[in-house]
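Q: Here you go, one structure.
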Amino acid sequence: MEINEEVKEFILKKLNVPNIGIDESLLRHGVNSLNFINLIVELEEKFEIEFDDEAFLIENVDTINKIINLVNNKN
Amino acid sequence: MLKSIEPFTERKLGENCVTQAISNILNYKEMKDHKFIWKQCGMMYIKHNEELKGTLVPKYFSTEQELQLIHGINFTRSSEDTADKFIEAISSIILRGEPVIIYVDPYELEYNMFYQNRHDLHCVTLIDVDFKKRYFTAVDDYYVFKGNISFDEVIKAANIEYGRPIIEDMSYTYITISIDRAREPENLNGYLDIIKRNNEVLSGVYPEKTIRVEGNIGNVHKLVIGLEGIVHFKEESQYYLEKFDLLTLDVINSTYRVLANVSNSRYLYSHFLSNLPVEHHGVEEYYNKYLDLGQDWKVAANMLIKGMIKNQVPMYQRMIEKVEKIYSKEQDALKFGEELLQDIQSLELI
């Protein structure tokens with residue numbers, strides 16, 4: 001599976017949000033700092049990467065697309 | 001119509017469940033400029049007798065006063081001592097056609113992701129009541145929910161045993177908002193007075209006797225007013241880390257809340273500053289400084305969430321280092337604000 005698709009599916013499953021658009025803000029779907037950081041940690045473990053400080057801020061990475069870019073930049 | 005209120009998903013940076021619920025009500029009441037009503041930006045370090053390390057508190061006067069200043073919004077917080085009185089009081093408010101915000105523990109709310117999982121202090125807005133079926137219709141802006149909650153569930157959720165350190169008993173507590181006496185924002189003077197007051201607190205010259213921290217702060221062992229409080233927080237957090245090999249989840253969780261609270265105050269203050277009624281080239285830079293500070297404090301807070309999941313001690317240490325960097329940025333923003341204030345006054349823009 002292509003990595004972008006894999007990351008997207010992983011996010012949707014972990015955050016338990018409906019199949020939303022990749023540029024839609026996760027904040028509108030009740031995602032908050034707690035489940036967001038949980039997701040970031042699980043992504044780090046799954047892809048064996050470590051994100052920089054910017055990844056600690058949902059405001060900076062509030063869409064699936066932005067998270068995919070973050071993962072791609074670390075791979 | 002009251003029942004038509006939907007969850008307010010236009011969450012602005014720095015909003016928590018309470019400010020978001022208030023925003024939604026003000027939006028329903030068609031109040032303009034409700035994005036800019038939060039104006040406190042202070043800093044204090046408060047440590048109690050029994051504590052090994054204290055807490056940072058950015059708010060130094062009451063929410064009632066904060067919403068009255070400039071905007072004339074009436075914020076009324078009340079409590080009842082029994083469940084029956086509580087149900088009666090909140091029902092009568094709804095029957096008058098007014099929404100009512102209640103404090104709840106999401107641990108008791110079936111729709112919430114933290115149901116039977118994690119205690120917290122949260123709030124929802126009640127917009128309708130059905131006595132026959134014994135339920136309220138609730139709107140939860142923070143967790144984006146609208147639905148019915150039974151009287152029994154509301155009673156359980158509003159009987160809050162859990163509370164943040166400086167807030168005592170929040171059980172059966174509710175809030176109403178009135179804009180009957182709201183006014184159009186004042187001229188620039190009102191805004192400058194608030195900036196001046198915030199700067200006095202941040203620089204530590206604000207008189208201690210005029211400080212009004214919400215809730216019961218108990219026996220204070222140490223109170224440091226101003227940004228200097230950040231140094232005390234950092235040093236005592238470092239001491240705590242070195243003294244104890246193991247950090248408990250409670251310690252990490254409460255420190256997270258402290259930092260998130262400071263972050264929110266900076267974000268909200270940046271919104272307030274962005275609405276200053278003055279043409280001056282420095283204003284944009286000024287509110288961007290507080291926007292950046294909101295982000296920085298949030299990053300520090302979120303490091304601790306990661307610490308709750310794994311690498312507790314390294315993440316706590318990383319948070320302390322982040323706070324040290326934030327301290328110098330706070331000083332820079334304060335200095336900038338003081339100079340900007342002088343400049344605006346000397347240019348007689350008021």
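Naming scheme: A, B, ... for chains in displayed order of the structure tokens; residues 1 onward per chain; ligands 1 onward as shown.
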List as a list in words the protein and nucleic acid residues near A:Leu12, meaning an atom at most 12 Å away when only C-alpha atoms are counted, but skip any in the same chain fewer than 3 places from it.

A: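 Contacts, with the query itself left out: Glu5, Glu6, Val7, Lys8, Glu9, Leu15, Asn16, Val17, Pro18, Asn19, Ile20, Gly21, Ile22, Leu26, His29, Val31, Asn35, Phe36, Leu39, Thr63, Ile64 and Ile67 of chain A.
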
Q: For chain A, report every residue with an atom at most 7 Å from chain B (counting only C-alpha atoms), formatted as a PDB file with N, CA and C atoms, in the first residue's frame.

A:
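The resulting file, iface_11.pdb, is reproduced below:
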```pdb
ATOM      1  N   ARG A  28     -12.596  20.056  13.704  1.00  0.00           N
ATOM      2  CA  ARG A  28     -14.055  20.089  13.531  1.00  0.00           C
ATOM      3  C   ARG A  28     -14.703  18.750  13.851  1.00  0.00           C
ATOM      4  N   HIS A  29     -13.867  17.751  14.058  1.00  0.00           N
ATOM      5  CA  HIS A  29     -14.405  16.421  14.340  1.00  0.00           C
ATOM      6  C   HIS A  29     -14.092  15.979  15.761  1.00  0.00           C
ATOM      7  N   GLY A  30     -13.935  16.972  16.633  1.00  0.00           N
ATOM      8  CA  GLY A  30     -13.770  16.666  18.057  1.00  0.00           C
ATOM      9  C   GLY A  30     -12.390  16.154  18.432  1.00  0.00           C
ATOM     10  N   LEU A  34      -5.232  15.628  23.362  1.00  0.00           N
ATOM     11  CA  LEU A  34      -4.949  14.315  23.945  1.00  0.00           C
ATOM     12  C   LEU A  34      -4.934  13.202  22.898  1.00  0.00           C
ATOM     13  N   ILE A  37      -2.001  13.826  20.237  1.00  0.00           N
ATOM     14  CA  ILE A  37      -0.634  13.436  20.623  1.00  0.00           C
ATOM     15  C   ILE A  37      -0.513  11.909  20.684  1.00  0.00           C
ATOM     16  N   VAL A  41       2.352   9.820  18.648  1.00  0.00           N
ATOM     17  CA  VAL A  41       3.238   8.815  19.247  1.00  0.00           C
ATOM     18  C   VAL A  41       3.102   7.484  18.500  1.00  0.00           C
ATOM     19  N   ASP A  53       9.434  19.417  17.219  1.00  0.00           N
ATOM     20  CA  ASP A  53       8.470  20.103  18.091  1.00  0.00           C
ATOM     21  C   ASP A  53       7.185  20.502  17.368  1.00  0.00           C
ATOM     22  N   PHE A  56       3.980  18.702  17.773  1.00  0.00           N
ATOM     23  CA  PHE A  56       3.251  18.709  19.042  1.00  0.00           C
ATOM     24  C   PHE A  56       2.071  19.672  19.016  1.00  0.00           C
ATOM     25  N   LEU A  57       1.858  20.302  17.890  1.00  0.00           N
ATOM     26  CA  LEU A  57       0.841  21.341  17.822  1.00  0.00           C
ATOM     27  C   LEU A  57      -0.204  20.987  16.779  1.00  0.00           C
TER      28      LEU A  57
END
```

Q: At a cut-off of 12 Å, can you tabulate as JSON lines every residue of stretch 292-326 of chain B near stretch 224-232 of chain B together with its closest atom pair and the distance in Å to one decimal, using only C-alpha atoms and ordering rows by chain then number?

A:
```
{"residue": "B:Trp297", "atom": "CA", "partner": "B:Ile230", "partner_atom": "CA", "distance": 11.6}
{"residue": "B:Ile320", "atom": "CA", "partner": "B:Val231", "partner_atom": "CA", "distance": 10.2}
{"residue": "B:Glu321", "atom": "CA", "partner": "B:Val231", "partner_atom": "CA", "distance": 11.4}
{"residue": "B:Lys322", "atom": "CA", "partner": "B:Ile230", "partner_atom": "CA", "distance": 11.5}
{"residue": "B:Val323", "atom": "CA", "partner": "B:Ile230", "partner_atom": "CA", "distance": 7.7}
{"residue": "B:Glu324", "atom": "CA", "partner": "B:Val231", "partner_atom": "CA", "distance": 7.6}
{"residue": "B:Lys325", "atom": "CA", "partner": "B:Ile230", "partner_atom": "CA", "distance": 10.6}
{"residue": "B:Ile326", "atom": "CA", "partner": "B:Ile230", "partner_atom": "CA", "distance": 9.0}
```

Q: Compile the contact shell of B:Tyr240 as an mmCIF file with all heavy atoms, in the first residue's frame: residues with an atom at most 9 Å away, counting only C-alpha atoms, same-chain residues fewer than 5 positions apart removed.

A:
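Printed below is out_8.cif as written:
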```cif
data_model
loop_
_atom_site.group_PDB
_atom_site.id
_atom_site.type_symbol
_atom_site.label_atom_id
_atom_site.label_comp_id
_atom_site.auth_asym_id
_atom_site.auth_seq_id
_atom_site.Cartn_x
_atom_site.Cartn_y
_atom_site.Cartn_z
ATOM 1 N N LEU B 52 5.258 20.427 46.719
ATOM 2 C CA LEU B 52 6.701 20.447 46.443
ATOM 3 C C LEU B 52 7.023 21.403 45.308
ATOM 4 O O LEU B 52 8.118 21.932 45.201
ATOM 5 C CB LEU B 52 7.174 19.038 46.072
ATOM 6 C CG LEU B 52 7.251 18.074 47.246
ATOM 7 C CD1 LEU B 52 7.371 16.649 46.751
ATOM 8 C CD2 LEU B 52 8.418 18.432 48.155
ATOM 9 N N LYS B 53 6.071 21.574 44.435
ATOM 10 C CA LYS B 53 6.228 22.574 43.387
ATOM 11 C C LYS B 53 4.885 23.236 43.155
ATOM 12 O O LYS B 53 3.837 22.609 43.351
ATOM 13 C CB LYS B 53 6.801 21.976 42.105
ATOM 14 C CG LYS B 53 5.912 21.024 41.382
ATOM 15 C CD LYS B 53 6.609 20.522 40.133
ATOM 16 C CE LYS B 53 5.652 19.674 39.294
ATOM 17 N NZ LYS B 53 4.541 20.416 38.730
ATOM 18 N N GLU B 235 12.675 26.216 37.984
ATOM 19 C CA GLU B 235 13.662 25.717 38.956
ATOM 20 C C GLU B 235 13.054 24.648 39.866
ATOM 21 O O GLU B 235 13.692 23.637 40.150
ATOM 22 C CB GLU B 235 14.197 26.878 39.805
ATOM 23 C CG GLU B 235 15.177 27.742 39.013
ATOM 24 C CD GLU B 235 15.613 28.985 39.765
ATOM 25 O OE1 GLU B 235 15.080 29.237 40.863
ATOM 26 O OE2 GLU B 235 16.480 29.704 39.241
ATOM 27 N N LEU B 247 7.983 10.003 37.889
ATOM 28 C CA LEU B 247 6.937 11.022 37.874
ATOM 29 C C LEU B 247 5.597 10.313 37.814
ATOM 30 O O LEU B 247 5.408 9.414 36.999
ATOM 31 C CB LEU B 247 7.088 11.907 36.636
ATOM 32 C CG LEU B 247 8.307 12.829 36.600
ATOM 33 C CD1 LEU B 247 8.545 13.306 35.180
ATOM 34 C CD2 LEU B 247 8.090 14.020 37.514
#
```

Q: Tell me, which residues of stretch 89-152 of chain B carry DSSP strand (DSSP E), written as a VMD selection string?

A: chain B and resid 100 to 104 122 to 130 135 to 140 145 to 150

Q: How many Å lie between atom CA of B:Phe131 and atom CA of B:Met1, rounded to one decimal?

A: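 Separation of atom CA of B:Phe131 and atom CA of B:Met1: 19.2 Å.
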
Q: When you look at A:Asn72 with a cut-off of 9 Å (counting only C-alpha atoms), what residues show up, excluding the ones that are within fewer than 4 positions of it in the same chain? I need them as an NGL selection string.

A: :A and (3-4 or 67-68)
